[in-house]
file model08.txt (compact mmCIF, N, CA and C atoms)
# COMPACT_ATOMS: atom_id res chain seq x y z
N MET A 1 73.29 77.69 93.68
CA MET A 1 72.38 78.76 94.00
C MET A 1 73.02 79.65 95.06
N LEU A 2 73.08 80.94 94.78
CA LEU A 2 73.65 81.88 95.75
C LEU A 2 72.62 82.31 96.79
N PHE A 3 71.42 82.68 96.30
CA PHE A 3 70.34 83.03 97.22
C PHE A 3 69.03 83.09 96.47
N GLU A 4 67.93 83.09 97.24
CA GLU A 4 66.58 83.21 96.69
C GLU A 4 65.81 84.27 97.46
N LEU A 5 64.91 84.92 96.76
CA LEU A 5 64.02 85.89 97.39
C LEU A 5 62.60 85.61 96.92
N GLU A 6 61.66 85.88 97.79
CA GLU A 6 60.24 85.78 97.44
C GLU A 6 59.67 87.19 97.49
N ILE A 7 58.88 87.52 96.50
CA ILE A 7 58.16 88.79 96.49
C ILE A 7 56.68 88.44 96.49
N PRO A 8 56.03 88.49 97.66
CA PRO A 8 54.63 88.06 97.75
C PRO A 8 53.67 88.93 96.95
N SER A 9 53.98 90.22 96.85
CA SER A 9 53.12 91.14 96.10
C SER A 9 53.93 92.38 95.76
N ILE A 10 53.33 93.27 95.00
CA ILE A 10 54.02 94.51 94.60
C ILE A 10 54.45 95.30 95.84
N ASP A 11 53.71 95.15 96.93
CA ASP A 11 54.05 95.86 98.17
C ASP A 11 55.40 95.41 98.74
N GLY A 12 55.84 94.21 98.41
CA GLY A 12 57.10 93.70 98.92
C GLY A 12 58.28 93.94 97.99
N LEU A 13 58.03 94.66 96.90
CA LEU A 13 59.07 94.86 95.89
C LEU A 13 60.29 95.62 96.41
N GLN A 14 60.07 96.74 97.08
CA GLN A 14 61.20 97.55 97.55
C GLN A 14 62.00 96.81 98.61
N GLN A 15 61.33 96.06 99.47
CA GLN A 15 62.04 95.29 100.49
C GLN A 15 62.90 94.22 99.83
N ALA A 16 62.36 93.57 98.80
CA ALA A 16 63.14 92.56 98.08
C ALA A 16 64.34 93.20 97.40
N ALA A 17 64.15 94.39 96.85
CA ALA A 17 65.27 95.10 96.21
C ALA A 17 66.35 95.43 97.24
N LYS A 18 65.96 95.85 98.43
CA LYS A 18 66.93 96.13 99.50
C LYS A 18 67.71 94.87 99.86
N GLN A 19 67.01 93.74 99.98
CA GLN A 19 67.67 92.48 100.32
C GLN A 19 68.63 92.07 99.20
N PHE A 20 68.21 92.27 97.97
CA PHE A 20 69.05 91.93 96.82
C PHE A 20 70.33 92.75 96.86
N ILE A 21 70.22 94.03 97.14
CA ILE A 21 71.40 94.91 97.21
C ILE A 21 72.32 94.50 98.34
N GLU A 22 71.75 94.08 99.47
CA GLU A 22 72.58 93.58 100.57
C GLU A 22 73.40 92.39 100.10
N GLU A 23 72.77 91.50 99.36
CA GLU A 23 73.49 90.34 98.82
C GLU A 23 74.55 90.77 97.80
N MET A 24 74.21 91.76 96.96
CA MET A 24 75.18 92.27 95.97
C MET A 24 76.42 92.81 96.67
N ASN A 25 76.24 93.36 97.84
CA ASN A 25 77.36 93.95 98.59
C ASN A 25 78.07 92.93 99.48
N SER A 26 77.60 91.70 99.48
CA SER A 26 78.23 90.66 100.31
C SER A 26 79.63 90.36 99.78
N LYS A 27 80.42 89.75 100.61
CA LYS A 27 81.79 89.40 100.24
C LYS A 27 81.83 88.57 98.96
N GLU A 28 80.87 87.68 98.82
CA GLU A 28 80.85 86.76 97.68
C GLU A 28 80.56 87.48 96.35
N LEU A 29 79.77 88.56 96.39
CA LEU A 29 79.36 89.23 95.16
C LEU A 29 79.90 90.65 94.99
N ALA A 30 80.62 91.13 95.96
CA ALA A 30 81.05 92.54 95.95
C ALA A 30 81.84 92.92 94.70
N ASP A 31 82.55 91.99 94.11
CA ASP A 31 83.35 92.33 92.92
C ASP A 31 82.62 92.03 91.61
N LYS A 32 81.36 91.65 91.69
CA LYS A 32 80.58 91.34 90.49
C LYS A 32 79.80 92.57 90.05
N ASN A 33 79.78 92.83 88.76
CA ASN A 33 79.05 94.01 88.29
C ASN A 33 78.08 93.72 87.15
N VAL A 34 78.09 92.49 86.62
CA VAL A 34 77.17 92.17 85.53
C VAL A 34 76.13 91.17 86.03
N TYR A 35 74.86 91.59 85.98
CA TYR A 35 73.75 90.76 86.41
C TYR A 35 72.82 90.57 85.22
N VAL A 36 72.56 89.31 84.88
CA VAL A 36 71.71 89.01 83.74
C VAL A 36 70.37 88.47 84.25
N PHE A 37 69.29 89.04 83.76
CA PHE A 37 67.95 88.75 84.25
C PHE A 37 67.19 87.90 83.24
N TYR A 38 66.78 86.72 83.70
CA TYR A 38 66.01 85.80 82.88
C TYR A 38 64.59 85.73 83.43
N GLY A 39 63.65 85.60 82.55
CA GLY A 39 62.26 85.46 82.94
C GLY A 39 61.37 85.66 81.73
N GLN A 40 60.21 85.08 81.78
CA GLN A 40 59.28 85.22 80.67
C GLN A 40 58.80 86.67 80.56
N MET A 41 58.24 87.00 79.42
CA MET A 41 57.63 88.31 79.23
C MET A 41 56.59 88.51 80.33
N GLY A 42 56.68 89.64 81.00
CA GLY A 42 55.72 89.94 82.07
C GLY A 42 56.09 89.38 83.44
N ALA A 43 57.24 88.74 83.55
CA ALA A 43 57.64 88.16 84.83
C ALA A 43 58.02 89.23 85.86
N GLY A 44 58.42 90.42 85.37
CA GLY A 44 58.76 91.49 86.29
C GLY A 44 60.21 91.91 86.27
N LYS A 45 60.93 91.58 85.22
CA LYS A 45 62.35 91.93 85.14
C LYS A 45 62.55 93.45 85.22
N THR A 46 61.86 94.18 84.36
CA THR A 46 62.01 95.64 84.35
C THR A 46 61.54 96.24 85.65
N THR A 47 60.44 95.76 86.18
CA THR A 47 59.90 96.28 87.44
C THR A 47 60.89 96.08 88.58
N PHE A 48 61.52 94.91 88.62
CA PHE A 48 62.49 94.65 89.68
C PHE A 48 63.75 95.50 89.49
N ILE A 49 64.21 95.63 88.26
CA ILE A 49 65.38 96.48 88.00
C ILE A 49 65.08 97.93 88.38
N LYS A 50 63.89 98.39 88.11
CA LYS A 50 63.50 99.74 88.51
C LYS A 50 63.59 99.89 90.03
N ALA A 51 63.08 98.91 90.76
CA ALA A 51 63.15 98.94 92.23
C ALA A 51 64.60 98.93 92.71
N LEU A 52 65.46 98.11 92.08
CA LEU A 52 66.87 98.09 92.43
C LEU A 52 67.51 99.46 92.24
N CYS A 53 67.25 100.06 91.08
CA CYS A 53 67.83 101.36 90.79
C CYS A 53 67.35 102.42 91.78
N GLU A 54 66.08 102.39 92.12
CA GLU A 54 65.56 103.34 93.11
C GLU A 54 66.27 103.17 94.44
N GLU A 55 66.46 101.93 94.86
CA GLU A 55 67.14 101.66 96.13
C GLU A 55 68.61 102.06 96.08
N LEU A 56 69.18 102.07 94.89
CA LEU A 56 70.58 102.49 94.72
C LEU A 56 70.71 104.01 94.58
N GLY A 57 69.59 104.72 94.65
CA GLY A 57 69.63 106.18 94.65
C GLY A 57 69.43 106.85 93.31
N VAL A 58 69.02 106.11 92.30
CA VAL A 58 68.76 106.71 90.98
C VAL A 58 67.55 107.63 91.10
N THR A 59 67.70 108.85 90.62
CA THR A 59 66.58 109.80 90.65
C THR A 59 66.02 110.06 89.25
N ASP A 60 66.69 109.56 88.22
CA ASP A 60 66.19 109.69 86.85
C ASP A 60 64.94 108.83 86.67
N VAL A 61 64.22 109.08 85.59
CA VAL A 61 63.11 108.20 85.21
C VAL A 61 63.72 106.88 84.78
N ILE A 62 63.23 105.79 85.34
CA ILE A 62 63.76 104.46 85.05
C ILE A 62 62.71 103.72 84.24
N ASN A 63 63.07 103.36 83.02
CA ASN A 63 62.14 102.59 82.21
C ASN A 63 62.92 101.60 81.35
N SER A 64 62.19 100.76 80.67
CA SER A 64 62.83 99.74 79.86
C SER A 64 63.51 100.35 78.65
N PRO A 65 64.75 99.97 78.41
CA PRO A 65 65.46 100.46 77.22
C PRO A 65 65.19 99.59 76.00
N THR A 66 63.95 99.14 75.84
CA THR A 66 63.60 98.22 74.76
C THR A 66 64.04 98.75 73.40
N PHE A 67 63.80 100.02 73.12
CA PHE A 67 64.15 100.55 71.81
C PHE A 67 65.55 101.16 71.79
N ALA A 68 65.99 101.71 72.90
CA ALA A 68 67.33 102.30 72.98
C ALA A 68 68.40 101.25 73.19
N ILE A 69 68.04 100.09 73.65
CA ILE A 69 68.88 98.95 74.02
C ILE A 69 69.60 99.17 75.35
N VAL A 70 70.10 100.39 75.61
CA VAL A 70 70.76 100.65 76.88
C VAL A 70 70.34 102.02 77.41
N ASN A 71 70.03 102.06 78.70
CA ASN A 71 69.81 103.32 79.41
C ASN A 71 70.92 103.47 80.44
N GLU A 72 71.37 104.68 80.63
CA GLU A 72 72.38 104.94 81.65
C GLU A 72 71.77 105.81 82.73
N TYR A 73 71.95 105.38 83.96
CA TYR A 73 71.49 106.13 85.13
C TYR A 73 72.70 106.42 86.01
N ALA A 74 72.54 107.33 86.95
CA ALA A 74 73.57 107.56 87.96
C ALA A 74 72.99 107.16 89.31
N ASP A 75 73.76 106.37 90.07
CA ASP A 75 73.28 105.99 91.40
C ASP A 75 73.43 107.17 92.36
N GLY A 76 73.10 106.97 93.61
CA GLY A 76 73.15 108.03 94.61
C GLY A 76 74.53 108.60 94.86
N LYS A 77 75.57 107.88 94.42
CA LYS A 77 76.95 108.35 94.59
C LYS A 77 77.53 108.89 93.28
N GLY A 78 76.69 108.92 92.24
CA GLY A 78 77.13 109.44 90.95
C GLY A 78 77.75 108.42 90.02
N PHE A 79 77.79 107.14 90.42
CA PHE A 79 78.36 106.09 89.58
C PHE A 79 77.34 105.63 88.54
N PRO A 80 77.79 105.30 87.34
CA PRO A 80 76.87 104.85 86.30
C PRO A 80 76.28 103.47 86.59
N ILE A 81 75.04 103.32 86.20
CA ILE A 81 74.37 102.02 86.16
C ILE A 81 73.88 101.88 84.72
N TYR A 82 74.18 100.75 84.10
CA TYR A 82 73.76 100.51 82.72
C TYR A 82 72.65 99.46 82.73
N HIS A 83 71.53 99.81 82.12
CA HIS A 83 70.37 98.93 82.05
C HIS A 83 70.13 98.57 80.58
N PHE A 84 70.27 97.30 80.28
CA PHE A 84 70.14 96.81 78.91
C PHE A 84 68.86 96.02 78.72
N ASP A 85 68.30 96.10 77.53
CA ASP A 85 67.19 95.24 77.13
C ASP A 85 67.50 94.79 75.70
N PHE A 86 67.87 93.53 75.56
CA PHE A 86 68.26 92.99 74.26
C PHE A 86 67.11 92.28 73.54
N TYR A 87 65.89 92.49 74.00
CA TYR A 87 64.75 91.79 73.41
C TYR A 87 64.64 92.01 71.90
N ARG A 88 64.86 93.22 71.45
CA ARG A 88 64.65 93.57 70.04
C ARG A 88 65.91 93.43 69.17
N ILE A 89 66.98 92.92 69.75
CA ILE A 89 68.19 92.76 68.94
C ILE A 89 68.01 91.54 68.03
N ASN A 90 68.43 91.65 66.79
CA ASN A 90 68.24 90.57 65.83
C ASN A 90 69.42 89.61 65.77
N LYS A 91 70.61 90.13 66.00
CA LYS A 91 71.80 89.28 66.00
C LYS A 91 72.84 89.91 66.91
N GLU A 92 73.70 89.07 67.46
CA GLU A 92 74.69 89.53 68.42
C GLU A 92 75.59 90.64 67.86
N GLU A 93 75.84 90.62 66.58
CA GLU A 93 76.71 91.62 65.97
C GLU A 93 76.23 93.04 66.22
N GLU A 94 74.91 93.21 66.41
CA GLU A 94 74.36 94.54 66.68
C GLU A 94 74.92 95.11 67.98
N ALA A 95 75.25 94.24 68.92
CA ALA A 95 75.81 94.69 70.19
C ALA A 95 77.20 95.29 70.00
N TYR A 96 77.92 94.82 69.00
CA TYR A 96 79.23 95.39 68.69
C TYR A 96 79.11 96.84 68.22
N ASP A 97 78.00 97.13 67.53
CA ASP A 97 77.79 98.47 66.97
C ASP A 97 77.75 99.56 68.02
N PHE A 98 77.26 99.23 69.21
CA PHE A 98 77.23 100.26 70.25
C PHE A 98 78.30 100.05 71.31
N GLY A 99 79.22 99.14 71.07
CA GLY A 99 80.37 98.98 71.96
C GLY A 99 80.03 98.34 73.29
N TYR A 100 79.34 97.20 73.25
CA TYR A 100 78.93 96.53 74.48
C TYR A 100 80.08 96.30 75.45
N GLU A 101 81.31 96.04 74.92
CA GLU A 101 82.46 95.75 75.79
C GLU A 101 82.76 96.92 76.72
N ASP A 102 82.58 98.14 76.19
CA ASP A 102 82.84 99.33 77.01
C ASP A 102 81.94 99.36 78.24
N TYR A 103 80.74 98.83 78.10
CA TYR A 103 79.80 98.78 79.21
C TYR A 103 80.07 97.57 80.11
N PHE A 104 80.07 96.38 79.51
CA PHE A 104 80.18 95.14 80.28
C PHE A 104 81.47 95.07 81.10
N TYR A 105 82.55 95.64 80.57
CA TYR A 105 83.85 95.54 81.24
C TYR A 105 84.29 96.86 81.86
N SER A 106 83.34 97.74 82.10
CA SER A 106 83.65 99.06 82.67
C SER A 106 83.88 99.02 84.17
N GLY A 107 83.42 97.94 84.82
CA GLY A 107 83.48 97.89 86.27
C GLY A 107 82.25 98.50 86.91
N ASN A 108 81.38 99.09 86.10
CA ASN A 108 80.13 99.66 86.61
C ASN A 108 79.02 98.62 86.54
N LEU A 109 77.99 98.85 87.31
CA LEU A 109 76.88 97.91 87.39
C LEU A 109 76.14 97.83 86.06
N CYS A 110 75.98 96.61 85.56
CA CYS A 110 75.23 96.34 84.33
C CYS A 110 74.08 95.39 84.67
N LEU A 111 72.87 95.81 84.36
CA LEU A 111 71.66 95.03 84.60
C LEU A 111 71.09 94.71 83.22
N ILE A 112 71.06 93.43 82.87
CA ILE A 112 70.78 93.02 81.49
C ILE A 112 69.53 92.16 81.41
N GLU A 113 68.53 92.67 80.66
CA GLU A 113 67.33 91.89 80.37
C GLU A 113 67.51 91.20 79.02
N TRP A 114 66.94 90.02 78.89
CA TRP A 114 67.02 89.20 77.69
C TRP A 114 68.47 88.91 77.27
N PRO A 115 69.30 88.45 78.21
CA PRO A 115 70.69 88.14 77.88
C PRO A 115 70.82 86.98 76.91
N GLU A 116 69.79 86.15 76.81
CA GLU A 116 69.86 85.02 75.89
C GLU A 116 70.00 85.47 74.44
N MET A 117 69.67 86.72 74.15
CA MET A 117 69.80 87.25 72.80
C MET A 117 71.25 87.55 72.44
N VAL A 118 72.11 87.69 73.45
CA VAL A 118 73.54 87.96 73.24
C VAL A 118 74.40 87.02 74.10
N LYS A 119 73.95 85.79 74.21
CA LYS A 119 74.55 84.85 75.16
C LYS A 119 76.05 84.67 75.00
N ASN A 120 76.56 84.78 73.79
CA ASN A 120 78.01 84.59 73.58
C ASN A 120 78.84 85.81 73.99
N LEU A 121 78.18 86.91 74.29
CA LEU A 121 78.88 88.14 74.66
C LEU A 121 78.88 88.39 76.16
N ILE A 122 78.07 87.67 76.89
CA ILE A 122 77.94 87.87 78.34
C ILE A 122 79.22 87.40 79.03
N PRO A 123 79.80 88.21 79.92
CA PRO A 123 81.00 87.78 80.65
C PRO A 123 80.75 86.48 81.42
N GLU A 124 81.76 85.64 81.47
CA GLU A 124 81.63 84.34 82.13
C GLU A 124 81.25 84.44 83.60
N ASP A 125 81.67 85.51 84.26
CA ASP A 125 81.39 85.64 85.68
C ASP A 125 80.11 86.42 85.99
N ALA A 126 79.27 86.61 84.97
CA ALA A 126 78.00 87.31 85.20
C ALA A 126 77.13 86.52 86.17
N ILE A 127 76.38 87.23 86.95
CA ILE A 127 75.48 86.61 87.92
C ILE A 127 74.10 86.46 87.27
N GLU A 128 73.58 85.24 87.29
CA GLU A 128 72.26 84.96 86.72
C GLU A 128 71.17 85.21 87.74
N VAL A 129 70.16 85.95 87.30
CA VAL A 129 69.00 86.24 88.13
C VAL A 129 67.78 85.73 87.38
N HIS A 130 67.09 84.77 87.97
CA HIS A 130 65.90 84.18 87.35
C HIS A 130 64.67 84.65 88.12
N ILE A 131 63.74 85.25 87.39
CA ILE A 131 62.50 85.72 87.99
C ILE A 131 61.36 84.88 87.44
N GLU A 132 60.62 84.26 88.36
CA GLU A 132 59.51 83.40 87.96
C GLU A 132 58.23 83.86 88.64
N GLU A 133 57.17 83.96 87.84
CA GLU A 133 55.86 84.24 88.41
C GLU A 133 55.28 82.94 88.92
N GLN A 134 54.80 82.97 90.16
CA GLN A 134 54.21 81.79 90.77
C GLN A 134 52.70 81.77 90.49
N GLU A 135 52.07 80.65 90.73
CA GLU A 135 50.64 80.51 90.46
C GLU A 135 49.79 81.54 91.18
N ASP A 136 50.22 81.94 92.38
CA ASP A 136 49.45 82.90 93.17
C ASP A 136 49.77 84.36 92.81
N GLY A 137 50.59 84.56 91.78
CA GLY A 137 50.94 85.91 91.35
C GLY A 137 52.18 86.48 92.01
N SER A 138 52.71 85.78 93.01
CA SER A 138 53.94 86.23 93.64
C SER A 138 55.11 85.95 92.70
N ARG A 139 56.28 86.44 93.06
CA ARG A 139 57.47 86.23 92.25
C ARG A 139 58.54 85.56 93.08
N LYS A 140 59.29 84.70 92.44
CA LYS A 140 60.43 84.04 93.08
C LYS A 140 61.67 84.47 92.29
N ILE A 141 62.68 84.94 93.01
CA ILE A 141 63.93 85.33 92.40
C ILE A 141 65.00 84.37 92.87
N SER A 142 65.65 83.71 91.91
CA SER A 142 66.73 82.77 92.19
C SER A 142 68.00 83.34 91.57
N VAL A 143 69.05 83.45 92.38
CA VAL A 143 70.30 84.02 91.92
C VAL A 143 71.37 82.94 91.91
N LYS A 144 72.02 82.80 90.74
CA LYS A 144 73.04 81.75 90.56
C LYS A 144 74.35 82.37 90.15
call {"tool": "encode", "arguments": {"input": "model08.txt", "output": "structure tokens"}}
result
Amino acid sequence: MLFELEIPSIDGLQQAAKQFIEEMNSKELADKNVYVFYGQMGAGKTTFIKALCEELGVTDVINSPTFAIVNEYADGKGFPIYHFDFYRINKEEEAYDFGYEDYFYSGNLCLIEWPEMVKNLIPEDAIEVHIEEQEDGSRKISVK
């Protein structure tokens, strides 16, 4: 386990995103650019990714790329951020059709929802982010 964050309520979302980015910039993670997000439907994967993108300076509308599969945003410095949602993909081969390698190995930040749908394509050094809803409605984020 690299680190854990607690999000007690929606009010703590932006602060958790700031803490997450601080960890992303740490010596241990600074060279990592692929983050895979695991969690049940409704756990808050898209909501958390939206908060991350906002904290990184994205000014575009940030939403789930469920039907597009990938959305591209520019961070506050103009660098691309790729946001994937593989929920609707039927087989891994579909990822080849849009050139997933160009994204995953670009060196730019890739935030991937439903990575289990393309598990054989995910880079070995991807960072796993698990989001779990707790009984009280809070969220726990575990990063491995």
call {"tool": "closest_residue", "arguments": {"input": "model08.txt", "among": "A:Gln14, A:Glu4, A:Glu133, A:Glu92", "to": "Leu121 (chain A)", "atoms": "only N, CA and C atoms"}}
result
A:Glu92
call {"tool": "closest_residue", "arguments": {"input": "model08.txt", "among": "A:Ile112, A:Ala43, A:Leu29, A:Ala17", "to": "Leu56 (chain A)", "atoms": "all atoms listed in the file"}}
result
A:Ala17
call {"tool": "select_by_dssp", "arguments": {"input": "model08.txt", "residues": "region 60-137 of chain A", "states": "helix (DSSP H, G or I)", "output": "list in words"}}
result
Glu93, Glu94, Ala95, Tyr96, Asp97, Tyr100, Glu101, Asp102, Tyr103, Phe104, Pro115, Glu116, Met117 and Val118 of chain A
call {"tool": "atom_distance", "arguments": {"input": "model08.txt", "atom1": "atom N of Val143 (chain A)", "atom2": "atom C of Leu2 (chain A)"}}
result
5.8 Å
call {"tool": "atom_distance", "arguments": {"input": "model08.txt", "atom1": "atom N of Ile141 (chain A)", "atom2": "atom C of Glu72 (chain A)"}}
result
25.0 Å
call {"tool": "select_by_dssp", "arguments": {"input": "model08.txt", "residues": "region 58-111 of chain A", "states": "strand (DSSP E)", "output": "MDAnalysis selection string"}}
result
chainID A and resid 70:74 80:85 109:111
call {"tool": "closest_residue", "arguments": {"input": "model08.txt", "among": "A:Tyr38, A:Glu54, A:Asp60, A:Leu109", "to": "Ile81 (chain A)", "atoms": "all atoms listed in the file"}}
result
A:Leu109
call {"tool": "closest_residue", "arguments": {"input": "model08.txt", "among": "A:Ile69, A:Met1, A:Met41, A:Val34", "to": "Gly107 (chain A)", "atoms": "only N, CA and C atoms"}}
result
A:Val34
call {"tool": "atom_distance", "arguments": {"input": "model08.txt", "atom1": "CA of Asn33 (chain A)", "atom2": "atom N of Asn108 (chain A)"}}
result
6.0 Å
call {"tool": "closest_residue", "arguments": {"input": "model08.txt", "among": "A:Asp125, A:Val118, A:Asn71, A:Gly76", "to": "Asn90 (chain A)", "atoms": "only C-alpha atoms"}}
result
A:Val118
call {"tool": "residues_near_point", "arguments": {"input": "model08.txt", "point": "(71.3, 97.5, 77.4)", "cutoff": "6.5 Å", "atoms": "all atoms listed in the file", "output": "MDAnalysis selection string"}}
result
chainID A and resid 68:71 82:86 111:113
call {"tool": "closest_residue", "arguments": {"input": "model08.txt", "among": "A:Gly57, A:Lys77, A:Ile7, A:Val36", "to": "Glu128 (chain A)", "atoms": "all atoms listed in the file"}}
result
A:Val36
